[in-house]
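Below: one structure, written as structure tokens.
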Amino acid sequence: MVHFSDFDTRGYRTVDVATGYGQWVETYEQTVEDVMDLALLDELTDPRWTSVRRAADLGCGTGRTATWLRRNGVPAIDGVDLTPEMLDRARARGVHDRLIEGDVRATGLDTGAYDLVIASLIDEHLPELRPFYDEAWRLAEPGAACVVVAFHPHFIMTTGMPTHFTSDTGESVAISTHVHLLSEHITAGLGAGWTLAEMREGVVDERWLAVKPKWERFRHHPVSVAMVWRKRI
């Protein structure tokens, strides 16, 4: 297993997930770039979003992903997140049908109730991936899709940069970060019963450099990845 501490070049003070996102909530929308995750969703050929009937949005945060899903034709979305402050923002946004405070590995949502399970930018906060993929499998109906957008392990390892935010005092604070190789995702997903249907990697390109000009030295490095799984029975 690869450990983030082997690559950390920042040495930021680190807090747990609920504490970190609770403090980050005020600036989260201004600091997470759409090219990181939503741009990859735009590129996927599967699933056909307008055919989705009901989605489970795991690690729903402020509702960015759900807003994108609604815009692309998904009519019903339930969200789960660990952080009350993030859920308050999602609730104000009004794009979910139901919001639950809970763990993405044990959501409490109904078994087999969703034809889409989606999670964006949460995997680096999970010590192990298999419990997440198992829970996604439980929630999914036969034939359902599971879409996972992840912070690319290559970028975490190359930059030594954890998921982090700037506190209201100006301090850079890290949120507990784990490095998961793509092979770990594949092993966990297959082990849970999923079949990999599509995979896209997003690289540092002109879109990125327009918002992060200092990342020129990372041009063409992969920064995020999207995987589409299918529950084929």
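Residues in the structure tokens are named by chain (A, B, ... in the order shown) and by number from 1 within that chain; ligands are numbered from 1 in the order shown.
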### Task
Extract, using only C-alpha atoms, all DNA, RNA and protein residues at most 8 Å from segment 166-174 of chain A, discarding same-chain residues fewer than 2 positions from it, and format them as number ranges by chain.
A: 12-15, 20, 23-24, 162-164, 176-177
Go ahead and write the residues just picked, all heavy atoms, as an mmCIF file, in the first residue's frame.
data_model
loop_
_atom_site.group_PDB
_atom_site.id
_atom_site.type_symbol
_atom_site.label_atom_id
_atom_site.label_comp_id
_atom_site.auth_asym_id
_atom_site.auth_seq_id
_atom_site.Cartn_x
_atom_site.Cartn_y
_atom_site.Cartn_z
ATOM 1 N N TYR A 12 1.568 20.415 5.674
ATOM 2 C CA TYR A 12 0.480 21.181 6.268
ATOM 3 C C TYR A 12 -0.083 20.465 7.500
ATOM 4 O O TYR A 12 -0.077 19.226 7.575
ATOM 5 C CB TYR A 12 -0.672 21.350 5.267
ATOM 6 C CG TYR A 12 -0.352 22.119 4.012
ATOM 7 C CD1 TYR A 12 -1.046 21.846 2.834
ATOM 8 C CD2 TYR A 12 0.605 23.127 3.993
ATOM 9 C CE1 TYR A 12 -0.789 22.552 1.671
ATOM 10 C CE2 TYR A 12 0.870 23.841 2.832
ATOM 11 C CZ TYR A 12 0.173 23.544 1.670
ATOM 12 O OH TYR A 12 0.430 24.240 0.525
ATOM 13 N N ARG A 13 -0.572 21.246 8.418
ATOM 14 C CA ARG A 13 -1.355 20.669 9.516
ATOM 15 C C ARG A 13 -2.540 19.929 8.906
ATOM 16 O O ARG A 13 -3.196 20.435 7.990
ATOM 17 C CB ARG A 13 -1.843 21.783 10.449
ATOM 18 C CG ARG A 13 -2.703 21.304 11.604
ATOM 19 C CD ARG A 13 -2.955 22.435 12.586
ATOM 20 N NE ARG A 13 -3.728 23.517 11.988
ATOM 21 C CZ ARG A 13 -5.061 23.583 11.990
ATOM 22 N NH1 ARG A 13 -5.773 22.585 12.536
ATOM 23 N NH2 ARG A 13 -5.687 24.615 11.455
ATOM 24 N N THR A 14 -2.821 18.737 9.412
ATOM 25 C CA THR A 14 -3.854 17.882 8.820
ATOM 26 C C THR A 14 -5.010 17.692 9.783
ATOM 27 O O THR A 14 -4.806 17.433 10.980
ATOM 28 C CB THR A 14 -3.272 16.514 8.434
ATOM 29 O OG1 THR A 14 -2.186 16.702 7.516
ATOM 30 C CG2 THR A 14 -4.328 15.627 7.794
ATOM 31 N N VAL A 15 -6.222 17.798 9.256
ATOM 32 C CA VAL A 15 -7.429 17.570 10.053
ATOM 33 C C VAL A 15 -8.250 16.456 9.418
ATOM 34 O O VAL A 15 -8.022 16.063 8.275
ATOM 35 C CB VAL A 15 -8.272 18.864 10.162
ATOM 36 C CG1 VAL A 15 -7.490 19.958 10.883
ATOM 37 C CG2 VAL A 15 -8.723 19.353 8.784
ATOM 38 N N GLY A 20 -12.344 19.273 8.314
ATOM 39 C CA GLY A 20 -11.805 20.007 7.178
ATOM 40 C C GLY A 20 -12.875 20.581 6.279
ATOM 41 O O GLY A 20 -12.852 21.784 5.950
ATOM 42 N N GLN A 23 -14.832 23.448 7.735
ATOM 43 C CA GLN A 23 -14.141 24.731 7.699
ATOM 44 C C GLN A 23 -13.980 25.265 6.280
ATOM 45 O O GLN A 23 -13.896 26.485 6.078
ATOM 46 C CB GLN A 23 -12.769 24.591 8.366
ATOM 47 C CG GLN A 23 -12.843 24.272 9.848
ATOM 48 C CD GLN A 23 -11.476 24.021 10.460
ATOM 49 O OE1 GLN A 23 -10.443 24.128 9.792
ATOM 50 N NE2 GLN A 23 -11.460 23.683 11.744
ATOM 51 N N TRP A 24 -13.921 24.372 5.315
ATOM 52 C CA TRP A 24 -13.699 24.759 3.917
ATOM 53 C C TRP A 24 -14.958 25.260 3.236
ATOM 54 O O TRP A 24 -14.925 25.890 2.181
ATOM 55 C CB TRP A 24 -13.123 23.549 3.170
ATOM 56 C CG TRP A 24 -12.566 23.812 1.804
ATOM 57 C CD1 TRP A 24 -12.403 25.005 1.160
ATOM 58 C CD2 TRP A 24 -12.075 22.819 0.905
ATOM 59 N NE1 TRP A 24 -11.846 24.828 -0.081
ATOM 60 C CE2 TRP A 24 -11.633 23.483 -0.255
ATOM 61 C CE3 TRP A 24 -11.963 21.419 0.969
ATOM 62 C CZ2 TRP A 24 -11.095 22.806 -1.349
ATOM 63 C CZ3 TRP A 24 -11.428 20.743 -0.102
ATOM 64 C CH2 TRP A 24 -10.991 21.424 -1.256
ATOM 65 N N PRO A 162 -1.574 17.338 -0.798
ATOM 66 C CA PRO A 162 -2.808 16.729 -0.317
ATOM 67 C C PRO A 162 -4.014 17.565 -0.713
ATOM 68 O O PRO A 162 -3.875 18.709 -1.177
ATOM 69 C CB PRO A 162 -2.624 16.767 1.201
ATOM 70 C CG PRO A 162 -1.865 18.047 1.423
ATOM 71 C CD PRO A 162 -0.928 18.167 0.233
ATOM 72 N N THR A 163 -5.192 17.044 -0.530
ATOM 73 C CA THR A 163 -6.383 17.881 -0.587
ATOM 74 C C THR A 163 -6.270 18.890 0.551
ATOM 75 O O THR A 163 -6.031 18.520 1.701
ATOM 76 C CB THR A 163 -7.647 17.028 -0.416
ATOM 77 O OG1 THR A 163 -7.758 16.130 -1.517
ATOM 78 C CG2 THR A 163 -8.887 17.904 -0.360
ATOM 79 N N HIS A 164 -6.419 20.165 0.223
ATOM 80 C CA HIS A 164 -6.203 21.187 1.244
ATOM 81 C C HIS A 164 -7.035 22.427 0.947
ATOM 82 O O HIS A 164 -7.574 22.590 -0.152
ATOM 83 C CB HIS A 164 -4.717 21.567 1.322
ATOM 84 C CG HIS A 164 -4.198 22.222 0.092
ATOM 85 N ND1 HIS A 164 -3.884 21.529 -1.061
ATOM 86 C CD2 HIS A 164 -3.955 23.537 -0.188
ATOM 87 C CE1 HIS A 164 -3.452 22.361 -1.981
ATOM 88 N NE2 HIS A 164 -3.498 23.582 -1.486
ATOM 89 N N SER A 176 -7.179 14.893 5.650
ATOM 90 C CA SER A 176 -6.608 13.543 5.611
ATOM 91 C C SER A 176 -6.685 12.949 4.206
ATOM 92 O O SER A 176 -7.773 12.794 3.645
ATOM 93 C CB SER A 176 -7.349 12.650 6.603
ATOM 94 O OG SER A 176 -6.826 11.344 6.588
ATOM 95 N N THR A 177 -5.524 12.636 3.626
ATOM 96 C CA THR A 177 -5.418 12.218 2.227
ATOM 97 C C THR A 177 -4.740 10.861 2.123
ATOM 98 O O THR A 177 -3.715 10.619 2.757
ATOM 99 C CB THR A 177 -4.604 13.255 1.418
ATOM 100 O OG1 THR A 177 -5.291 14.522 1.441
ATOM 101 C CG2 THR A 177 -4.409 12.814 -0.020
#
### Message
I need the helix (DSSP H, G or I) residues of segment 11-225 of chain A per DSSP on the backbone, written as a PyMOL selection string.
### Response
chain A and resi 17-24+28-31+34-43+49-51+64-71+84-93+123-125+130-139+153-159+182-192+206-211+213-218
### Which residue of A:Glu85, A:Asp42, A:Asp57, A:Glu33 approaches Ala136 of chain A most closely, using only C-alpha atoms
A:Asp57
### Task
Take atom CA of Leu109 of chain A and atom CA of Arg53 of chain A and report the distance between them in Å, one decimal.
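Here the two named atoms are 15.8 Å from each other.
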### Task
Just the residues within 12 Å of Glu201 of chain A, please, counting only C-alpha atoms, with nothing from its chain fewer than 4 positions along; format it as a PyMOL selection string.
chain A and resi 35-37+39-41+43-44+148-155+182+205+220-228
